[in-house]
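**Student:** If it helps, the file is called final39.pdb and holds PDB, C-alpha atoms, pLDDT in the B column:
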```
ATOM      1  CA  MET A   1     110.948  69.863  74.880  1.00 58.00           C
ATOM      2  CA  THR A   2     113.649  70.248  77.479  1.00 61.00           C
ATOM      3  CA  LYS A   3     111.464  69.017  80.350  1.00 64.00           C
ATOM      4  CA  TYR A   4     110.603  65.795  78.492  1.00 57.00           C
ATOM      5  CA  ARG A   5     114.254  65.093  77.681  1.00 56.00           C
ATOM      6  CA  ILE A   6     115.402  65.839  81.252  1.00 59.00           C
ATOM      7  CA  SER A   7     112.746  63.517  82.688  1.00 61.00           C
ATOM      8  CA  ARG A   8     114.147  60.636  80.581  1.00 58.00           C
ATOM      9  CA  ARG A   9     117.841  61.246  81.320  1.00 57.00           C
ATOM     10  CA  LYS A  10     119.782  58.846  83.521  1.00 59.00           C
ATOM     11  CA  ASP A  11     122.089  61.662  84.601  1.00 57.00           C
ATOM     12  CA  SER A  12     119.667  64.514  85.266  1.00 57.00           C
ATOM     13  CA  LYS A  13     122.181  66.371  87.481  1.00 57.00           C
ATOM     14  CA  ASN A  14     124.180  67.691  84.521  1.00 64.00           C
ATOM     15  CA  LYS A  15     122.643  70.558  82.577  1.00 73.00           C
ATOM     16  CA  LEU A  16     121.280  69.611  79.158  1.00 73.00           C
ATOM     17  CA  LYS A  17     122.860  71.625  76.344  1.00 79.00           C
ATOM     18  CA  ILE A  18     120.369  72.986  73.809  1.00 77.00           C
ATOM     19  CA  GLN A  19     122.463  71.588  70.933  1.00 78.00           C
ATOM     20  CA  ASP A  20     122.047  68.093  72.433  1.00 79.00           C
ATOM     21  CA  LEU A  21     118.288  68.358  72.896  1.00 79.00           C
ATOM     22  CA  CYS A  22     117.429  66.403  69.728  1.00 79.00           C
ATOM     23  CA  SER A  23     120.816  65.000  68.673  1.00 81.00           C
ATOM     24  CA  GLY A  24     119.676  61.575  67.558  1.00 80.00           C
ATOM     25  CA  PRO A  25     116.440  59.762  66.725  1.00 81.00           C
ATOM     26  CA  SER A  26     115.708  58.629  70.287  1.00 81.00           C
ATOM     27  CA  LYS A  27     116.391  62.069  71.768  1.00 84.00           C
ATOM     28  CA  LEU A  28     114.209  63.702  69.110  1.00 85.00           C
ATOM     29  CA  CYS A  29     111.327  61.366  69.965  1.00 86.00           C
ATOM     30  CA  GLN A  30     111.762  61.993  73.704  1.00 85.00           C
ATOM     31  CA  SER A  31     111.840  65.768  73.202  1.00 83.00           C
ATOM     32  CA  LEU A  32     108.674  65.785  71.097  1.00 84.00           C
ATOM     33  CA  CYS A  33     106.851  63.100  73.142  1.00 84.00           C
ATOM     34  CA  ILE A  34     106.720  60.805  70.136  1.00 88.00           C
ATOM     35  CA  ASN A  35     105.985  57.241  71.231  1.00 88.00           C
ATOM     36  CA  LYS A  36     104.525  54.095  69.728  1.00 89.00           C
ATOM     37  CA  GLU A  37     101.190  54.501  71.481  1.00 89.00           C
ATOM     38  CA  ALA A  38     100.546  57.960  70.026  1.00 85.00           C
ATOM     39  CA  ILE A  39     102.356  57.994  66.688  1.00 88.00           C
ATOM     40  CA  ASN A  40     103.043  54.404  65.572  1.00 87.00           C
ATOM     41  CA  ALA A  41     102.181  53.753  61.895  1.00 89.00           C
ATOM     42  CA  GLN A  42     101.165  57.371  61.203  1.00 90.00           C
ATOM     43  CA  ASP A  43     101.596  58.484  57.604  1.00 92.00           C
ATOM     44  CA  MET A  44     103.678  61.676  57.754  1.00 89.00           C
ATOM     45  CA  VAL A  45     102.135  62.886  54.489  1.00 90.00           C
ATOM     46  CA  THR A  46      98.492  62.707  55.584  1.00 93.00           C
ATOM     47  CA  SER A  47      98.616  62.667  59.408  1.00 93.00           C
ATOM     48  CA  ASP A  48      97.358  65.559  61.528  1.00 93.00           C
ATOM     49  CA  LYS A  49      99.487  64.291  64.458  1.00 90.00           C
ATOM     50  CA  ILE A  50     102.960  64.314  62.884  1.00 89.00           C
ATOM     51  CA  TRP A  51     104.278  65.742  59.621  1.00 90.00           C
ATOM     52  CA  LEU A  52     107.342  67.269  58.001  1.00 89.00           C
ATOM     53  CA  GLU A  53     107.761  70.967  57.264  1.00 90.00           C
ATOM     54  CA  PRO A  54     109.953  72.495  54.560  1.00 91.00           C
ATOM     55  CA  GLY A  55     113.496  73.120  55.764  1.00 89.00           C
ATOM     56  CA  ILE A  56     116.634  74.730  54.447  1.00 89.00           C
ATOM     57  CA  GLN A  57     118.129  73.793  51.084  1.00 92.00           C
ATOM     58  CA  VAL A  58     121.228  71.619  51.543  1.00 91.00           C
ATOM     59  CA  SER A  59     123.746  70.899  48.820  1.00 91.00           C
ATOM     60  CA  THR A  60     124.205  67.175  48.146  1.00 89.00           C
ATOM     61  CA  GLU A  61     127.935  67.703  48.724  1.00 89.00           C
ATOM     62  CA  ASP A  62     127.157  68.627  52.347  1.00 91.00           C
ATOM     63  CA  ILE A  63     125.240  65.423  53.116  1.00 92.00           C
ATOM     64  CA  VAL A  64     127.383  62.956  55.040  1.00 92.00           C
ATOM     65  CA  THR A  65     126.597  59.262  54.592  1.00 90.00           C
ATOM     66  CA  SER A  66     127.736  57.026  57.419  1.00 88.00           C
ATOM     67  CA  THR A  67     126.918  53.835  59.296  1.00 83.00           C
ATOM     68  CA  ARG A  68     124.326  53.916  62.082  1.00 79.00           C
ATOM     69  CA  VAL A  69     125.503  54.335  65.667  1.00 76.00           C
ATOM     70  CA  GLY A  70     124.788  51.694  68.306  1.00 73.00           C
ATOM     71  CA  ILE A  71     123.164  48.960  66.211  1.00 76.00           C
ATOM     72  CA  HIS A  72     125.895  46.330  66.356  1.00 74.00           C
ATOM     73  CA  SER A  73     123.476  44.017  68.174  1.00 77.00           C
ATOM     74  CA  ALA A  74     121.490  43.846  64.908  1.00 75.00           C
ATOM     75  CA  GLY A  75     124.443  42.030  63.319  1.00 77.00           C
ATOM     76  CA  SER A  76     127.569  43.119  61.483  1.00 81.00           C
ATOM     77  CA  GLU A  77     125.834  43.220  58.076  1.00 82.00           C
ATOM     78  CA  SER A  78     123.191  45.694  59.299  1.00 76.00           C
ATOM     79  CA  ALA A  79     125.718  47.723  61.301  1.00 77.00           C
ATOM     80  CA  ALA A  80     127.895  48.182  58.195  1.00 83.00           C
ATOM     81  CA  GLN A  81     125.093  49.614  56.027  1.00 85.00           C
ATOM     82  CA  PRO A  82     125.250  53.347  55.141  1.00 83.00           C
ATOM     83  CA  TRP A  83     121.856  54.121  56.709  1.00 82.00           C
ATOM     84  CA  ARG A  84     122.779  57.342  58.474  1.00 85.00           C
ATOM     85  CA  PHE A  85     122.649  60.779  56.851  1.00 90.00           C
ATOM     86  CA  TYR A  86     123.318  64.234  58.246  1.00 90.00           C
ATOM     87  CA  VAL A  87     124.481  67.695  57.198  1.00 90.00           C
ATOM     88  CA  ARG A  88     128.256  68.100  57.457  1.00 89.00           C
ATOM     89  CA  ASN A  89     129.516  70.118  60.462  1.00 85.00           C
ATOM     90  CA  ASN A  90     126.072  70.132  62.106  1.00 84.00           C
ATOM     91  CA  VAL A  91     126.606  70.656  65.855  1.00 82.00           C
ATOM     92  CA  HIS A  92     123.334  68.844  66.655  1.00 83.00           C
ATOM     93  CA  VAL A  93     124.575  65.465  65.396  1.00 84.00           C
ATOM     94  CA  SER A  94     125.248  63.129  68.327  1.00 81.00           C
ATOM     95  CA  VAL A  95     128.250  61.313  66.825  1.00 83.00           C
ATOM     96  CA  ARG A  96     129.903  62.836  63.784  1.00 85.00           C
ATOM     97  CA  ASP A  97     131.809  60.638  61.323  1.00 86.00           C
ATOM     98  CA  LYS A  98     134.812  62.904  60.853  1.00 84.00           C
ATOM     99  CA  LYS A  99     136.449  60.566  58.321  1.00 85.00           C
ATOM    100  CA  ALA A 100     133.326  60.598  56.117  1.00 87.00           C
ATOM    101  CA  GLU A 101     133.086  64.384  56.504  1.00 86.00           C
ATOM    102  CA  LYS A 102     136.709  64.778  55.452  1.00 84.00           C
ATOM    103  CA  ASP A 103     136.255  62.508  52.423  1.00 83.00           C
ATOM    104  CA  ILE A 104     133.510  64.611  50.809  1.00 81.00           C
ATOM    105  CA  GLN A 105     134.368  67.647  48.722  1.00 69.00           C
ATOM    106  CA  PRO A 106     133.497  71.131  50.024  1.00 65.00           C
ATOM    107  CA  SER A 107     130.264  72.585  48.742  1.00 58.00           C
ATOM    108  CA  SER A 108     130.413  75.458  46.286  1.00 52.00           C
ATOM    109  CA  GLN A 109     126.966  76.728  47.341  1.00 49.00           C
ATOM    110  CA  PRO A 110     126.018  78.085  50.769  1.00 48.00           C
ATOM    111  CA  HIS A 111     122.968  76.718  52.626  1.00 49.00           C
ATOM    112  CA  THR A 112     119.861  78.742  51.861  1.00 49.00           C
ATOM    113  CA  THR A 113     116.474  78.994  53.502  1.00 47.00           C
ATOM    114  CA  PRO A 114     113.306  78.112  51.549  1.00 50.00           C
ATOM    115  CA  ASN A 115     111.198  80.879  50.025  1.00 47.00           C
TER     116      ASN A 115
END
```
What does the file become when written as structure tokens?
**Tutor:**
Amino acid sequence: MTKYRISRRKDSKNKLKIQDLCSGPSKLCQSLCINKEAINAQDMVTSDKIWLEPGIQVSTEDIVTSTRVGIHSAGSESAAQPWRFYVRNNVHVSVRDKKAEKDIQPSSQPHTTPN
């Protein structure tokens, strides 16, 4: 993954931190070599090329809802939509919305791994 991300970086002189390897949709796609030619229009439920695996259980109180980053060129209406979701305090998130994180109540349940 690291070699694919480094090859796409404009500033390849600075060392890439592991926590930044996939911090954002574009970086995730670069790291996993996901591109339109190979993966476009694949159904993630039935595809043998790309799919989702079970992850950790996350309390709904720990899910931060925020506006997308860097889409102002799509217009102010689109840029203002709450179309971005991430787990609060996750160090792998490229740009955290600290106000939104502060506004949600602390979770009463710890994160657990699936059985």
**Student:** Which one is closest to A:Asn90: A:Ala38, A:Asp20, A:Val45, A:Ile50? Count all atoms listed in the file.
**Tutor:**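 Using all atoms listed in the file, A:Asn90 sits closest to A:Asp20.
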**Student:** Given the file shown, enumerate the residues that the PyMOL selection byres ((chain A and resi 63) around 6) captures and present them as a list in words.
**Tutor:** Thr60, Glu61, Asp62, Val64, Tyr86, Val87 and Arg88 of chain A
**Student:** What lies within 12 Å of A:Ser78 using all atoms listed in the file, ignoring chain neighbours under 6 positions off, as number ranges by chain?
**Tutor:** A: 67-72, 84
**Student:** How would the residues just chosen look if you wrote them out with C-alpha atoms as a PDB file, in the frame of the given file?
**Tutor:**
```pdb
ATOM      1  CA  THR A  67     126.918  53.835  59.296  1.00 83.00           C
ATOM      2  CA  ARG A  68     124.326  53.916  62.082  1.00 79.00           C
ATOM      3  CA  VAL A  69     125.503  54.335  65.667  1.00 76.00           C
ATOM      4  CA  GLY A  70     124.788  51.694  68.306  1.00 73.00           C
ATOM      5  CA  ILE A  71     123.164  48.960  66.211  1.00 76.00           C
ATOM      6  CA  HIS A  72     125.895  46.330  66.356  1.00 74.00           C
ATOM      7  CA  ARG A  84     122.779  57.342  58.474  1.00 85.00           C
TER       8      ARG A  84
END
```
**Student:** Between atom CA of A:Asp43 and atom CA of A:Ser23, measure the distance and give it in Å to one decimal.
**Tutor:**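 Calculated distance between atom CA of A:Asp43 and atom CA of A:Ser23 is 23.1 Å.
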**Student:** For A:Thr65, which residue out of A:Ala80, A:Leu16, A:Cys33, A:Met44 is the nearest one, using all atoms listed in the file?
**Tutor:**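 Ranking A:Ala80, A:Leu16, A:Cys33, A:Met44 by distance to A:Thr65, first place goes to A:Ala80.
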**Student:** If you measure from atom CA of A:Pro54 to atom CA of A:Val91, what distance in Å do you get, rounded to one decimal?
**Tutor:**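 Taking atom CA of A:Pro54 and atom CA of A:Val91, their separation equals 20.2 Å.
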**Student:** As an exercise, work out the distance from atom CA of A:Asn35 to atom CA of A:Val95 in Å and give it to one decimal place.
**Tutor:**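 The value is 23.1 Å.
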